[in-house]
Each structure stands twice: as C-alpha cells, then as structure tokens.
$ cat run.txt   # compact mmCIF, C-alpha atoms
# COMPACT_ATOMS: atom_id res chain seq x y z
CA MET A 1 0.00 0.00 0.00
CA ALA A 2 2.88 2.33 0.74
CA GLY A 3 4.04 1.93 -2.83
CA VAL A 4 0.68 3.03 -4.09
CA GLU A 5 0.64 6.03 -1.83
CA GLU A 6 4.10 7.11 -2.92
CA MET A 7 3.22 6.72 -6.53
CA GLU A 8 0.06 8.62 -5.99
CA SER A 9 1.75 11.52 -4.28
CA GLN A 10 4.15 11.87 -7.16
CA THR A 11 1.32 11.93 -9.63
CA ASP A 12 -0.52 14.32 -7.39
CA ASP A 13 2.45 16.63 -7.27
CA LYS A 14 2.59 16.77 -11.02
CA GLU A 15 -1.11 17.28 -11.25
CA ASN A 16 -1.08 19.81 -8.46
CA SER A 17 1.56 21.89 -10.12
CA SER A 18 -0.25 21.82 -13.42
CA GLU A 19 -3.47 22.55 -11.60
CA LYS A 20 -1.81 25.49 -9.91
CA ILE A 21 -0.85 26.85 -13.27
CA VAL A 22 -4.35 26.35 -14.52
CA LYS A 23 -5.77 27.99 -11.44
CA THR A 24 -3.58 31.02 -11.92
CA LYS A 25 -4.72 31.31 -15.48
CA GLU A 26 -8.29 30.88 -14.36
CA LYS A 27 -8.02 33.68 -11.87
CA ASN A 28 -6.54 35.90 -14.49
CA SER A 29 -9.21 35.10 -17.01
CA ASN A 30 -12.07 36.28 -14.97
CA GLN A 31 -13.53 33.02 -13.70
CA ASP A 32 -15.03 32.20 -17.08
CA SER A 33 -12.70 29.30 -17.65
CA GLU A 34 -13.78 27.68 -14.43
CA LYS A 35 -17.05 26.94 -16.10
CA LEU A 36 -15.44 25.36 -19.12
CA MET A 37 -16.39 21.93 -20.21
CA LYS A 38 -14.28 19.60 -18.17
CA LEU A 39 -14.27 16.84 -20.74
CA PRO A 40 -13.21 16.98 -24.39
CA LEU A 41 -16.30 16.97 -26.58
CA SER A 42 -14.48 15.54 -29.55
CA ARG A 43 -13.44 12.47 -27.63
CA ILE A 44 -16.93 11.97 -26.29
CA LYS A 45 -18.25 12.24 -29.79
CA SER A 46 -15.74 9.62 -30.99
CA ILE A 47 -16.89 7.21 -28.36
CA MET A 48 -20.50 7.81 -29.29
CA LYS A 49 -19.80 7.24 -32.95
CA SER A 50 -17.94 4.02 -32.35
CA ASP A 51 -21.38 2.47 -32.03
CA PRO A 52 -22.31 1.24 -35.49
CA ASP A 53 -25.96 2.10 -34.96
CA VAL A 54 -25.24 5.73 -34.27
CA THR A 55 -25.54 7.90 -37.33
CA LEU A 56 -25.61 11.52 -36.23
CA ALA A 57 -25.68 13.27 -32.91
CA SER A 58 -26.54 16.89 -32.38
CA GLN A 59 -24.26 19.26 -30.53
CA GLU A 60 -26.79 19.29 -27.74
CA ALA A 61 -26.70 15.53 -27.43
CA VAL A 62 -22.93 15.56 -27.02
CA ILE A 63 -23.09 18.40 -24.52
CA THR A 64 -25.74 16.56 -22.53
CA ILE A 65 -23.73 13.38 -22.43
CA ALA A 66 -20.64 15.33 -21.44
CA LYS A 67 -22.39 16.84 -18.47
CA ALA A 68 -24.01 13.53 -17.57
CA THR A 69 -20.58 11.94 -17.64
CA GLU A 70 -19.29 14.50 -15.16
CA LEU A 71 -22.19 13.69 -12.88
CA PHE A 72 -21.52 10.00 -13.29
CA ILE A 73 -17.84 10.31 -12.38
CA TRP A 74 -18.75 12.48 -9.44
CA GLU A 75 -21.37 10.06 -8.14
CA LEU A 76 -19.26 6.96 -8.73
CA SER A 77 -16.36 8.50 -6.84
CA LYS A 78 -18.56 9.69 -4.04
CA ASP A 79 -19.95 6.19 -3.59
CA ALA A 80 -16.56 4.54 -3.82
CA VAL A 81 -14.98 6.82 -1.27
CA HIS A 82 -17.43 5.56 1.34
CA SER A 83 -15.78 2.21 0.97
CA THR A 84 -12.35 3.84 1.21
CA LEU A 85 -13.24 5.59 4.43
CA GLN A 86 -14.82 2.48 5.90
CA SER A 87 -11.57 0.64 5.34
CA LYS A 88 -9.80 3.54 7.04
CA ARG A 89 -7.73 4.31 3.98
CA LYS A 90 -7.03 7.62 2.39
CA THR A 91 -6.45 6.39 -1.11
CA LEU A 92 -9.36 5.47 -3.28
CA GLN A 93 -8.51 2.17 -4.88
CA ARG A 94 -10.00 0.02 -7.56
CA LYS A 95 -11.42 -2.39 -5.02
CA ASP A 96 -13.53 0.45 -3.63
CA LEU A 97 -15.12 0.75 -7.02
CA ASP A 98 -15.66 -3.01 -7.18
CA CYS A 99 -17.32 -2.78 -3.80
CA ILE A 100 -19.96 -0.27 -4.66
CA LEU A 101 -21.01 -1.65 -7.99
CA ASP A 102 -23.83 -3.71 -6.61
CA THR A 103 -25.12 -1.00 -4.36
CA ARG A 104 -27.04 0.75 -7.10
CA ASP A 105 -29.15 -0.73 -9.86
CA CYS A 106 -27.91 1.84 -12.29
CA TYR A 107 -24.39 0.43 -12.01
CA LEU A 108 -25.46 -2.98 -13.24
CA PHE A 109 -24.36 -2.22 -16.77
CA LEU A 110 -20.80 -2.06 -15.49
CA GLU A 111 -20.71 -5.71 -14.51
CA GLY A 112 -18.05 -7.34 -16.55
CA THR A 113 -16.24 -4.08 -17.16
CA LEU A 114 -14.24 -4.45 -14.01
CA ASP A 115 -13.05 -7.99 -14.55
CA GLU B 1 -24.06 20.36 -53.21
CA SER B 2 -22.05 19.36 -50.24
CA PHE B 3 -18.93 21.45 -50.28
CA MET B 4 -17.34 19.35 -47.61
CA GLY B 5 -17.22 16.25 -49.69
CA GLY B 6 -20.24 14.58 -48.23
CA GLN B 7 -18.91 14.33 -44.71
CA TYR B 8 -21.03 17.11 -43.32
CA VAL B 9 -24.73 16.54 -43.38
CA MET B 10 -27.22 19.24 -42.56
CA GLU B 11 -30.48 17.98 -41.27
CA GLY B 12 -33.58 20.11 -41.17
CA GLY B 13 -35.34 20.03 -37.83
CA GLY B 14 -32.24 19.30 -35.88
CA ASP B 15 -31.76 21.31 -32.76
CA GLY B 16 -28.31 22.55 -33.47
CA GLU B 17 -25.14 21.98 -35.34
CA GLU B 18 -24.79 18.45 -36.56
CA LEU B 19 -21.66 16.62 -35.76
CA GLY B 20 -21.24 14.55 -38.87
CA ALA B 21 -17.97 16.31 -39.54
CA THR B 22 -15.32 16.65 -36.94
CA GLU B 23 -13.22 19.65 -36.26
CA ASN B 24 -9.92 18.08 -35.45
CA ASP B 25 -7.80 15.01 -35.49
CA ASP B 26 -10.63 12.50 -35.62
CA ASP B 27 -11.23 13.19 -39.25
CA ASN B 28 -8.87 10.75 -40.82
CA ARG B 29 -10.75 7.82 -39.45
CA GLY B 30 -13.94 6.60 -41.04
CA ASP B 31 -17.07 6.24 -39.03
CA ASN B 32 -17.47 3.16 -36.92
CA GLU B 33 -13.91 1.94 -37.23
CA PRO B 34 -12.52 0.69 -33.95
CA LEU B 35 -10.94 3.45 -31.92
CA ARG B 36 -7.32 3.43 -30.95
CA GLU B 37 -6.71 2.55 -27.33
CA GLN B 38 -6.11 6.14 -26.32
CA ASP B 39 -9.21 7.36 -28.08
CA ARG B 40 -11.51 4.86 -26.48
CA PHE B 41 -11.30 6.64 -23.17
CA LEU B 42 -11.54 10.15 -21.90
CA PRO B 43 -8.20 11.65 -20.83
CA ILE B 44 -7.20 10.36 -17.43
CA ALA B 45 -6.31 13.82 -16.14
CA ASN B 46 -9.78 15.13 -16.81
CA VAL B 47 -11.37 12.11 -15.22
CA ALA B 48 -9.13 12.38 -12.16
CA ARG B 49 -9.88 16.07 -11.78
CA ILE B 50 -13.58 15.37 -11.53
CA MET B 51 -13.04 12.44 -9.19
CA LYS B 52 -11.08 14.63 -6.84
CA LYS B 53 -14.12 16.80 -6.30
CA SER B 54 -15.97 13.99 -4.62
CA ILE B 55 -13.30 12.83 -2.26
CA PRO B 56 -12.00 14.49 0.90
CA LYS B 57 -9.31 17.04 0.32
CA THR B 58 -6.71 14.93 1.99
CA GLY B 59 -7.65 11.89 -0.04
CA LYS B 60 -5.73 10.44 -2.93
CA ILE B 61 -6.69 8.29 -5.85
CA ALA B 62 -4.78 5.24 -6.95
CA LYS B 63 -3.81 5.10 -10.57
CA ASP B 64 -5.73 1.90 -11.20
CA ALA B 65 -8.84 3.51 -9.73
CA LYS B 66 -8.54 6.36 -12.21
CA GLU B 67 -8.09 3.90 -15.03
CA THR B 68 -11.08 1.91 -13.88
CA VAL B 69 -13.26 4.99 -13.84
CA GLN B 70 -11.99 5.85 -17.31
CA GLU B 71 -13.27 2.50 -18.54
CA CYS B 72 -16.56 2.84 -16.68
CA VAL B 73 -17.09 6.23 -18.22
CA SER B 74 -16.68 4.97 -21.76
CA GLU B 75 -19.12 2.20 -20.98
CA PHE B 76 -21.51 4.77 -19.61
CA ILE B 77 -21.32 6.90 -22.72
CA SER B 78 -21.86 3.90 -24.97
CA PHE B 79 -24.68 2.61 -22.81
CA ILE B 80 -26.63 5.86 -22.86
CA THR B 81 -25.91 6.53 -26.50
CA SER B 82 -27.07 3.11 -27.56
CA GLU B 83 -30.39 3.51 -25.79
CA ALA B 84 -30.86 7.00 -27.18
CA SER B 85 -30.00 5.77 -30.64
CA GLU B 86 -32.61 3.03 -30.42
CA ARG B 87 -35.30 5.48 -29.54
CA CYS B 88 -34.23 7.68 -32.40
CA HIS B 89 -34.51 4.83 -34.86
CA GLN B 90 -37.90 3.87 -33.53
CA GLU B 91 -39.10 7.36 -34.21
CA LYS B 92 -37.54 7.26 -37.65
CA ARG B 93 -35.13 10.07 -36.92
CA LYS B 94 -31.48 10.05 -37.86
CA THR B 95 -30.09 12.51 -35.37
CA ILE B 96 -29.79 11.87 -31.69
CA ASN B 97 -30.76 15.03 -29.84
CA GLY B 98 -30.62 16.21 -26.25
CA GLU B 99 -34.10 14.93 -25.47
CA ASP B 100 -33.16 11.45 -26.60
CA ILE B 101 -30.26 11.47 -24.18
CA LEU B 102 -32.46 12.64 -21.33
CA PHE B 103 -35.00 9.98 -22.10
CA ALA B 104 -32.30 7.33 -22.16
CA MET B 105 -30.98 8.47 -18.79
CA SER B 106 -34.41 8.20 -17.31
CA THR B 107 -34.99 4.75 -18.76
CA LEU B 108 -31.64 3.40 -17.65
CA GLY B 109 -31.86 4.34 -14.00
CA PHE B 110 -30.17 7.74 -14.09
CA ASP B 111 -33.38 9.56 -13.46
CA SER B 112 -31.75 11.76 -10.86
CA TYR B 113 -29.58 13.29 -13.54
CA VAL B 114 -32.45 14.44 -15.68
CA GLU B 115 -33.49 17.61 -13.91
CA PRO B 116 -29.97 18.97 -13.41
CA LEU B 117 -29.25 18.19 -17.06
CA LYS B 118 -32.42 19.96 -18.17
CA GLN B 119 -31.36 23.06 -16.30
CA TYR B 120 -27.93 22.82 -17.78
CA LEU B 121 -29.31 22.48 -21.28
CA GLN B 122 -31.54 25.45 -20.76
CA LYS B 123 -28.60 27.60 -19.74
CA TYR B 124 -26.63 26.29 -22.67
CA ARG B 125 -29.39 27.17 -25.10
CA GLU B 126 -29.72 30.63 -23.63
CA SER B 127 -26.02 31.29 -23.71
CA SER B 128 -25.59 30.11 -27.26
CA LYS B 129 -28.45 32.22 -28.58
CA GLY B 130 -26.03 35.08 -28.89
CA ASP B 131 -23.75 33.08 -31.17
CA LYS B 132 -24.90 32.88 -34.74
CA GLY B 133 -24.22 29.42 -36.01
CA GLY B 134 -23.64 28.18 -32.54
CA SER B 135 -20.28 26.62 -33.14
CA GLY B 136 -18.68 28.61 -30.39
CA GLY B 137 -21.44 27.77 -28.01
CA ALA B 138 -20.09 24.55 -26.71
CA ASP B 139 -16.96 25.49 -24.91
CA GLY B 140 -16.45 28.22 -22.44
CA THR B 141 -19.64 30.19 -22.79
CA LEU B 142 -21.61 28.54 -20.03
CA GLU B 143 -20.71 31.24 -17.56
CA ASP B 144 -23.87 31.15 -15.53
CA LEU B 145 -23.57 27.58 -14.49
CA ALA B 146 -22.34 27.16 -10.99
CA GLU B 147 -20.64 23.80 -10.81
CA GLU B 148 -21.14 23.30 -7.13
CA SER B 149 -24.80 24.14 -7.06
CA PHE B 150 -25.32 21.85 -9.99
CA THR B 151 -23.85 18.80 -8.31
CA GLN B 152 -25.52 19.76 -5.08
CA SER B 153 -28.91 19.53 -6.66
CA LEU B 154 -28.02 16.04 -7.75
CA SER B 155 -26.96 14.91 -4.34
CA THR B 156 -29.74 16.49 -2.36
CA GLY B 157 -32.29 15.36 -4.88
CA LEU B 158 -34.44 18.38 -4.35
CA LEU B 159 -35.72 18.72 -7.82
CA THR B 160 -38.83 16.70 -8.16
CA SER B 161 -40.93 16.36 -11.21
CA GLU B 162 -43.78 18.16 -9.50
CA GLN B 163 -41.76 21.25 -8.91
CA ALA B 164 -39.85 21.57 -12.07
CA ASN B 165 -41.24 22.39 -15.44
CA SER B 166 -39.72 24.18 -18.33
CA GLN B 167 -40.99 27.63 -17.41
CA ASN B 168 -40.58 27.80 -13.68
CA VAL B 169 -37.63 26.05 -12.25
CA ILE B 170 -37.09 26.90 -8.66
CA TYR B 171 -34.43 25.05 -6.87
CA ALA B 172 -33.13 25.70 -3.44
CA PRO B 173 -30.38 23.49 -2.08
CA TYR B 174 -30.32 22.98 1.64
CA SER B 175 -27.32 25.14 2.24
CA GLY B 176 -28.69 28.25 0.67
CA ALA B 177 -31.40 29.52 -1.54
CA ILE B 178 -30.63 29.88 -5.19
CA ALA B 179 -33.75 30.80 -7.06
CA GLN B 180 -33.48 30.54 -10.79
CA ASN B 181 -35.82 31.37 -13.58
CA ILE B 182 -38.72 32.46 -11.49
CA SER B 183 -41.43 33.91 -13.63
CA PHE B 184 -44.93 34.69 -12.65
CA GLY B 185 -47.83 34.66 -15.00

$ encode --input "run.txt" --output "structure tokens"
Amino acid sequence: MAGVEEMESQTDDKENSSEKIVKTKEKNSNQDSEKLMKLPLSRIKSIMKSDPDVTLASQEAVITIAKATELFIWELSKDAVHSTLQSKRKTLQRKDLDCILDTRDCYLFLEGTLD
Amino acid sequence: ESFMGGQYVMEGGGDGEELGATENDDDNRGDNEPLREQDRFLPIANVARIMKKSIPKTGKIAKDAKETVQECVSEFISFITSEASERCHQEKRKTINGEDILFAMSTLGFDSYVEPLKQYLQKYRESSKGDKGGSGGADGTLEDLAEESFTQSLSTGLLTSEQANSQNVIYAPYSGAIAQNISFG
C-alpha cells in the first residue's frame, strides 16, 4: 500500500503543479474558464460514434452526455470513497469501485467491465 | 451540393449543429472503425480532476482507480448513446438530440440526472443564442452555471418532477437559496 501512496503523491504533485498553473490562469481570465467543459467533446463524440448504430448526434446531445458523464464520475467516486473511508484508507482504490457496484441498480451495466 | 465532400450533413429540424464532420484530429478515421486505445477513453487527467471533487481534500486516488473509472465512463457513454439511438430509430429520426439522451438516462436508471441536465441544457441554449451558427457555443460560454450548485442539486435530490417544469424552475439546495428562472404569470 505504501508503494501506491508514494506513486500517488508523485502523480498528485505533477497534477497539483499543473493545476496550480491552470488555477492562476483561471483567476486571471475572470472566472469564465472555471465553467469550461471539463471533458473533451471531440473524444466523447468519438466514443458515441464508435457504435455502429449511431448515425448523427446533435451538438446538444454531445453536450448533454458530457455533463451527464461529469455527474456519473462524481457520483461513482462519491460512492466509492465511502468504501475507502470504511476501510480507514485515504487512497481510493479500484477495489472500492468493485465494492460499490452492486449498491445501485444503475451500475449494473458495469458488470463485466471491471473484470 | 455538399462542399465538404459529403462528410457534413445538414439535417432540417435538428436542434443545433450536426456533428457529422469533426473539427480536429478524428477526421482521418472513417465512421465506426474501432478506436485506438487512447481514443476509447476520456483523458485520465480530466477524469481524475472530476473524481477529486468527490473525495475528501486529503484523499488520494490510486492510478488503477482512475483507469477503472476511465473504462466505466466509456461504458456509460456507450450505454446511454445506444439507448438514445434506439429510440431515435424507432421514431424514424437520424439525429440523436438532447431529449433522446435525457430519455435514455431516465430509462436506464439515471433519473436523478435528468433535472440537473435539463437546467444545464436550458442555460446552454440561452447562452448560445447570442452566437450565430452556434459553433462557439459549446466550450467556455456557459458562464452562468455554478458547478457546485449543480452537483448539489443532484446529491440532495431536491428537484422533483412536480416542482420543475420548463418555465418555472425553482431550486433551493439545503445550504442556501438559489432561485433561478422564477417567472410569474
């Protein structure tokens, strides 16, 4: 576990420093960029279009999925961190995600993804 | 007629710019070819940034957890899209729109997302009204959306279908009152 924590803090440092840079830029640019889309729309669109049955998707559809994806990540993490805290750990691990998958019906579609 | 070589299709009755053509590096791949590994997932940094919002400040996230969420997210997108696409086909439409996505969310057990997403879409539509053509509307113009209040409404579940309709959306999270779009008469 210590190895994971060390690795994580290194990654965090990198991310923190880049986040600091971003935050500085955000402050300079008037708070508008804080509201930017957090996920790349083009990538989301690619994933959508990898389905052979999908022909066209409107801009609004992609935007909606992008926001829904944010909510999904947020909710998934929030659920998983309960398991982390119960195990008295500070690092959210994959097994915490495994743990919470059968706690909500809406996560059923993920069965098999985490094998 | 199509000056973009047939890749860009305009559909009457669509609710915005169609995304048949892509604006960047995705173009050199045909539709429905398998994605490269790195394109099948959303960037891990973006995913991790959102994850961090839901965990305590002192918490950390293991790399394999981030990767797992990356995979789950792509599954999520495909799952919703597939359902929305089915509905579209049933109604003999070719373009998946925002309503199809909302309907799919509701059908697939993500009902709690629908109201926050509706609000979000409303703001998006309002903010992109000023842009002719709408292409700049997607990124960076959603200034009115407060991220925290948005996710709060999801977690507190205050928006019920009785309260919210398209004209009068009043939502007040527990920790403060934010009244939006109140109109009388």

$ residues_around --input "run.txt" --residues "stretch 98-101 of chain B" --least-positions-apart "2" --cutoff "6 Å" --atoms "all atoms listed in the file" --output "VMD selection string"
(chain A and resid 60 to 61) or (chain B and resid 84 103 to 104)

$ closest_residue --input "run.txt" --among "A:Ser42, A:Leu56, A:Asp102, A:Glu70" --to "B:Phe76" --atoms "only C-alpha atoms"
A:Glu70

$ atom_distance --input "run.txt" --atom1 "atom CA of B:Phe41" --atom2 "atom CA of B:Gln119"
26.8 Å

$ interface_residues --input "run.txt" --of "chain A" --to "chain B" --cutoff "7 Å" --atoms "all atoms listed in the file" --output "VMD selection string"
chain A and resid 4 8 32 to 33 35 to 39 43 47 to 61 64 to 65 68 to 70 73 to 74 77 to 78 81 90 to 94 106 110 113

$ write_last_selection --input "run.txt" --atoms "C-alpha atoms" --output "mmCIF file, keeping the file's coordinate frame"
data_model
loop_
_atom_site.group_PDB
_atom_site.id
_atom_site.type_symbol
_atom_site.label_atom_id
_atom_site.label_comp_id
_atom_site.auth_asym_id
_atom_site.auth_seq_id
_atom_site.Cartn_x
_atom_site.Cartn_y
_atom_site.Cartn_z
ATOM 1 C CA VAL A 4 0.680 3.030 -4.090
ATOM 2 C CA GLU A 8 0.060 8.620 -5.990
ATOM 3 C CA ASP A 32 -15.030 32.200 -17.080
ATOM 4 C CA SER A 33 -12.700 29.300 -17.650
ATOM 5 C CA LYS A 35 -17.050 26.940 -16.100
ATOM 6 C CA LEU A 36 -15.440 25.360 -19.120
ATOM 7 C CA MET A 37 -16.390 21.930 -20.210
ATOM 8 C CA LYS A 38 -14.280 19.600 -18.170
ATOM 9 C CA LEU A 39 -14.270 16.840 -20.740
ATOM 10 C CA ARG A 43 -13.440 12.470 -27.630
ATOM 11 C CA ILE A 47 -16.890 7.210 -28.360
ATOM 12 C CA MET A 48 -20.500 7.810 -29.290
ATOM 13 C CA LYS A 49 -19.800 7.240 -32.950
ATOM 14 C CA SER A 50 -17.940 4.020 -32.350
ATOM 15 C CA ASP A 51 -21.380 2.470 -32.030
ATOM 16 C CA PRO A 52 -22.310 1.240 -35.490
ATOM 17 C CA ASP A 53 -25.960 2.100 -34.960
ATOM 18 C CA VAL A 54 -25.240 5.730 -34.270
ATOM 19 C CA THR A 55 -25.540 7.900 -37.330
ATOM 20 C CA LEU A 56 -25.610 11.520 -36.230
ATOM 21 C CA ALA A 57 -25.680 13.270 -32.910
ATOM 22 C CA SER A 58 -26.540 16.890 -32.380
ATOM 23 C CA GLN A 59 -24.260 19.260 -30.530
ATOM 24 C CA GLU A 60 -26.790 19.290 -27.740
ATOM 25 C CA ALA A 61 -26.700 15.530 -27.430
ATOM 26 C CA THR A 64 -25.740 16.560 -22.530
ATOM 27 C CA ILE A 65 -23.730 13.380 -22.430
ATOM 28 C CA ALA A 68 -24.010 13.530 -17.570
ATOM 29 C CA THR A 69 -20.580 11.940 -17.640
ATOM 30 C CA GLU A 70 -19.290 14.500 -15.160
ATOM 31 C CA ILE A 73 -17.840 10.310 -12.380
ATOM 32 C CA TRP A 74 -18.750 12.480 -9.440
ATOM 33 C CA SER A 77 -16.360 8.500 -6.840
ATOM 34 C CA LYS A 78 -18.560 9.690 -4.040
ATOM 35 C CA VAL A 81 -14.980 6.820 -1.270
ATOM 36 C CA LYS A 90 -7.030 7.620 2.390
ATOM 37 C CA THR A 91 -6.450 6.390 -1.110
ATOM 38 C CA LEU A 92 -9.360 5.470 -3.280
ATOM 39 C CA GLN A 93 -8.510 2.170 -4.880
ATOM 40 C CA ARG A 94 -10.000 0.020 -7.560
ATOM 41 C CA CYS A 106 -27.910 1.840 -12.290
ATOM 42 C CA LEU A 110 -20.800 -2.060 -15.490
ATOM 43 C CA THR A 113 -16.240 -4.080 -17.160
#

$ atom_distance --input "run.txt" --atom1 "atom CA of A:Leu76" --atom2 "atom CA of A:Lys88"
18.7 Å

$ atom_distance --input "run.txt" --atom1 "atom CA of A:Val62" --atom2 "atom CA of A:Glu111"
24.8 Å

$ build_atoms --input "run.txt" --residues "stretch 83-94 of chain A" --atoms "N, CA and C atoms" --output "PDB file, in the frame of the given file"
ATOM      1  N   SER A  83     -16.479   3.462   0.723  1.00  0.00           N
ATOM      2  CA  SER A  83     -15.780   2.210   0.970  1.00  0.00           C
ATOM      3  C   SER A  83     -14.344   2.478   1.423  1.00  0.00           C
ATOM      4  N   THR A  84     -13.717   3.463   0.830  1.00  0.00           N
ATOM      5  CA  THR A  84     -12.350   3.840   1.210  1.00  0.00           C
ATOM      6  C   THR A  84     -12.303   4.229   2.687  1.00  0.00           C
ATOM      7  N   LEU A  85     -13.237   5.085   3.053  1.00  0.00           N
ATOM      8  CA  LEU A  85     -13.240   5.590   4.430  1.00  0.00           C
ATOM      9  C   LEU A  85     -13.574   4.490   5.429  1.00  0.00           C
ATOM     10  N   GLN A  86     -14.482   3.595   5.004  1.00  0.00           N
ATOM     11  CA  GLN A  86     -14.820   2.480   5.900  1.00  0.00           C
ATOM     12  C   GLN A  86     -13.616   1.606   6.167  1.00  0.00           C
ATOM     13  N   SER A  87     -12.777   1.461   5.172  1.00  0.00           N
ATOM     14  CA  SER A  87     -11.570   0.640   5.340  1.00  0.00           C
ATOM     15  C   SER A  87     -10.438   1.448   5.951  1.00  0.00           C
ATOM     16  N   LYS A  88     -10.774   2.669   6.365  1.00  0.00           N
ATOM     17  CA  LYS A  88      -9.800   3.540   7.040  1.00  0.00           C
ATOM     18  C   LYS A  88      -8.579   3.820   6.166  1.00  0.00           C
ATOM     19  N   ARG A  89      -8.824   3.950   4.879  1.00  0.00           N
ATOM     20  CA  ARG A  89      -7.730   4.310   3.980  1.00  0.00           C
ATOM     21  C   ARG A  89      -7.952   5.725   3.480  1.00  0.00           C
ATOM     22  N   LYS A  90      -6.887   6.282   2.949  1.00  0.00           N
ATOM     23  CA  LYS A  90      -7.030   7.620   2.390  1.00  0.00           C
ATOM     24  C   LYS A  90      -6.982   7.606   0.868  1.00  0.00           C
ATOM     25  N   THR A  91      -6.577   6.455   0.340  1.00  0.00           N
ATOM     26  CA  THR A  91      -6.450   6.390  -1.110  1.00  0.00           C
ATOM     27  C   THR A  91      -7.579   5.559  -1.701  1.00  0.00           C
ATOM     28  N   LEU A  92      -8.289   6.169  -2.602  1.00  0.00           N
ATOM     29  CA  LEU A  92      -9.360   5.470  -3.280  1.00  0.00           C
ATOM     30  C   LEU A  92      -8.744   4.464  -4.236  1.00  0.00           C
ATOM     31  N   GLN A  93      -9.103   3.212  -4.050  1.00  0.00           N
ATOM     32  CA  GLN A  93      -8.510   2.170  -4.880  1.00  0.00           C
ATOM     33  C   GLN A  93      -9.575   1.480  -5.718  1.00  0.00           C
ATOM     34  N   ARG A  94      -9.095   0.695  -6.655  1.00  0.00           N
ATOM     35  CA  ARG A  94     -10.000   0.020  -7.560  1.00  0.00           C
ATOM     36  C   ARG A  94     -10.983  -0.880  -6.819  1.00  0.00           C
TER      37      ARG A  94
END
